[in-house]
Amino acid sequence: MKYMLMDYVVEAGWPQLTKEEQEHWLGAYKAYMQAMTRAGVLKSSNGLFPTSSATTVRVANDKPQVLDGPYADSKEQLGGFHIIEVPDLDAAISWASRSPTALHGVVEVRPVREGTLLTNDISEYIKR
């Protein structure tokens with residue numbers, strides 16, 4: 001089963017760290033990703049640019065509204081994600097708990113639905 005591990009962090013905290021602290025956390029994170037790679041569970045991984053680079057789009061009265069910045073002003077921001085393939089939720093939780101992000105932020109674990117509305121029968125998405 002595939003799971004997405006989403007890293008939520010307080011992005012304003014990163015610039016406040018010393019160079020040595022930043023090097024420590026980057027090294028810990030690299031080691032974590034290397035461990036997932038060696039175990040054969042890491043399928044994809046990406047980081048995101050800061051929320052200051054985000055653009056939010058919504059439609060109101062049939063007109064798009066484009067706003068600079070993130071949709072929600074929250075304590076933690078989505079900083080990146082990993083797609084892993086493991087036997088079950090317990091294994092996904094185990095990998096999430098090993099993430100350095102779990103020490104200073106939050107790692108959300110969510111199952112990945114295979115396919116999309118374009119590739120799956122839409123009846124899978126309709127309540128009965």
# chains A, B, ... in the order shown; residues from 1 in each chain; ligands from 1

call {"tool": "residues_around", "arguments": {"residues": "range 37-48 of chain A", "least_positions_apart": "6", "cutoff": "7 Å", "atoms": "only C-alpha atoms", "output": "VMD selection string"}}
result
chain A and resid 79 to 86

call {"tool": "write_last_selection", "arguments": {"atoms": "N, CA, C and O atoms", "output": "PDB file, in the first residue's frame"}}
result
ATOM      1  N   GLY A  79       5.826  21.453   4.164  1.00  0.00           N
ATOM      2  CA  GLY A  79       7.158  21.735   3.657  1.00  0.00           C
ATOM      3  C   GLY A  79       7.635  20.743   2.614  1.00  0.00           C
ATOM      4  O   GLY A  79       8.529  21.033   1.831  1.00  0.00           O
ATOM      5  N   GLY A  80       7.040  19.570   2.594  1.00  0.00           N
ATOM      6  CA  GLY A  80       7.448  18.553   1.636  1.00  0.00           C
ATOM      7  C   GLY A  80       6.689  17.277   1.889  1.00  0.00           C
ATOM      8  O   GLY A  80       5.886  17.180   2.823  1.00  0.00           O
ATOM      9  N   PHE A  81       6.951  16.291   1.048  1.00  0.00           N
ATOM     10  CA  PHE A  81       6.238  15.028   1.188  1.00  0.00           C
ATOM     11  C   PHE A  81       7.054  13.885   0.611  1.00  0.00           C
ATOM     12  O   PHE A  81       7.959  14.087  -0.191  1.00  0.00           O
ATOM     13  N   HIS A  82       6.708  12.687   1.042  1.00  0.00           N
ATOM     14  CA  HIS A  82       7.330  11.454   0.552  1.00  0.00           C
ATOM     15  C   HIS A  82       6.213  10.478   0.236  1.00  0.00           C
ATOM     16  O   HIS A  82       5.263  10.361   1.009  1.00  0.00           O
ATOM     17  N   ILE A  83       6.350   9.772  -0.863  1.00  0.00           N
ATOM     18  CA  ILE A  83       5.456   8.659  -1.166  1.00  0.00           C
ATOM     19  C   ILE A  83       6.244   7.396  -0.840  1.00  0.00           C
ATOM     20  O   ILE A  83       7.347   7.192  -1.359  1.00  0.00           O
ATOM     21  N   ILE A  84       5.683   6.585   0.046  1.00  0.00           N
ATOM     22  CA  ILE A  84       6.340   5.330   0.409  1.00  0.00           C
ATOM     23  C   ILE A  84       5.390   4.176   0.106  1.00  0.00           C
ATOM     24  O   ILE A  84       4.173   4.355   0.044  1.00  0.00           O
ATOM     25  N   GLU A  85       5.955   3.006  -0.094  1.00  0.00           N
ATOM     26  CA  GLU A  85       5.140   1.809  -0.289  1.00  0.00           C
ATOM     27  C   GLU A  85       5.553   0.798   0.769  1.00  0.00           C
ATOM     28  O   GLU A  85       6.714   0.358   0.806  1.00  0.00           O
ATOM     29  N   VAL A  86       4.617   0.493   1.645  1.00  0.00           N
ATOM     30  CA  VAL A  86       4.847  -0.408   2.776  1.00  0.00           C
ATOM     31  C   VAL A  86       3.634  -1.329   2.919  1.00  0.00           C
ATOM     32  O   VAL A  86       2.579  -1.074   2.337  1.00  0.00           O
TER      33      VAL A  86
END

call {"tool": "select_by_dssp", "arguments": {"residues": "chain A", "states": "strand (DSSP E)", "output": "ChimeraX atom specification"}}
result
/A:2-9,42-47,55-60,63-68,77-85,106-111

call {"tool": "atom_distance", "arguments": {"atom1": "CA of Ser53 in chain A", "atom2": "CA of Glu11 in chain A"}}
result
12.5 Å

call {"tool": "closest_residue", "arguments": {"among": "A:Thr18, A:Lys75, A:Leu67, A:Val109", "to": "Ser97 in chain A", "atoms": "only C-alpha atoms"}}
result
A:Val109

call {"tool": "residues_around", "arguments": {"residues": "Gln77 in chain A", "least_positions_apart": "3", "cutoff": "7 Å", "atoms": "only C-alpha atoms", "output": "JSON, numbers by chain"}}
result
{"A": [8, 9, 10, 11, 74]}

call {"tool": "write_last_selection", "arguments": {"atoms": "all heavy atoms", "output": "JSON list (two decimals), in the first residue's frame"}}
result
[["chain", "number", "residue", "atom", "x", "y", "z"],
["A", 8, "TYR", "N", 4.87, 18.77, 8.01],
["A", 8, "TYR", "CA", 4.40, 20.11, 8.38],
["A", 8, "TYR", "C", 5.38, 20.70, 9.39],
["A", 8, "TYR", "O", 5.67, 20.07, 10.41],
["A", 8, "TYR", "CB", 2.99, 20.04, 8.99],
["A", 8, "TYR", "CG", 1.93, 19.75, 7.96],
["A", 8, "TYR", "CD1", 1.57, 18.45, 7.67],
["A", 8, "TYR", "CD2", 1.30, 20.79, 7.29],
["A", 8, "TYR", "CE1", 0.59, 18.17, 6.72],
["A", 8, "TYR", "CE2", 0.31, 20.53, 6.34],
["A", 8, "TYR", "CZ", -0.03, 19.22, 6.07],
["A", 8, "TYR", "OH", -0.99, 18.96, 5.13],
["A", 9, "VAL", "N", 5.89, 21.88, 9.06],
["A", 9, "VAL", "CA", 6.89, 22.54, 9.89],
["A", 9, "VAL", "C", 6.54, 24.01, 10.09],
["A", 9, "VAL", "O", 5.73, 24.56, 9.34],
["A", 9, "VAL", "CB", 8.30, 22.43, 9.25],
["A", 9, "VAL", "CG1", 8.75, 20.98, 9.15],
["A", 9, "VAL", "CG2", 8.32, 23.08, 7.88],
["A", 10, "VAL", "N", 7.16, 24.62, 11.06],
["A", 10, "VAL", "CA", 7.05, 26.07, 11.23],
["A", 10, "VAL", "C", 8.19, 26.67, 10.42],
["A", 10, "VAL", "O", 9.33, 26.71, 10.88],
["A", 10, "VAL", "CB", 7.13, 26.47, 12.72],
["A", 10, "VAL", "CG1", 7.04, 27.98, 12.88],
["A", 10, "VAL", "CG2", 6.05, 25.77, 13.52],
["A", 11, "GLU", "N", 7.88, 27.09, 9.22],
["A", 11, "GLU", "CA", 8.96, 27.50, 8.31],
["A", 11, "GLU", "C", 9.70, 28.73, 8.80],
["A", 11, "GLU", "O", 10.87, 28.93, 8.46],
["A", 11, "GLU", "CB", 8.44, 27.69, 6.89],
["A", 11, "GLU", "CG", 7.48, 28.80, 6.69],
["A", 11, "GLU", "CD", 6.94, 28.88, 5.26],
["A", 11, "GLU", "OE1", 6.90, 27.87, 4.55],
["A", 11, "GLU", "OE2", 6.55, 29.98, 4.87],
["A", 74, "SER", "N", -1.70, 29.12, 9.16],
["A", 74, "SER", "CA", -1.68, 28.15, 10.24],
["A", 74, "SER", "C", -0.32, 28.11, 10.90],
["A", 74, "SER", "O", 0.65, 28.65, 10.38],
["A", 74, "SER", "CB", -2.05, 26.76, 9.70],
["A", 74, "SER", "OG", -1.12, 26.36, 8.72]]

call {"tool": "closest_residue", "arguments": {"among": "A:Ala60, A:Ile122, A:Val112, A:Val66", "to": "Ala92 in chain A", "atoms": "only C-alpha atoms"}}
result
A:Val112

call {"tool": "residues_around", "arguments": {"residues": "His104 in chain A", "least_positions_apart": "2", "cutoff": "10 Å", "atoms": "only C-alpha atoms", "output": "number ranges by chain"}}
result
A: 8-10, 13, 99-102, 106-107

call {"tool": "atom_distance", "arguments": {"atom1": "CA of Pro50 in chain A", "atom2": "CA of Trp14 in chain A"}}
result
10.8 Å

call {"tool": "select_by_dssp", "arguments": {"residues": "range 4-106 of chain A", "states": "alpha helix (DSSP H)", "output": "PyMOL selection string"}}
result
chain A and resi 19-38+89-98+101-104
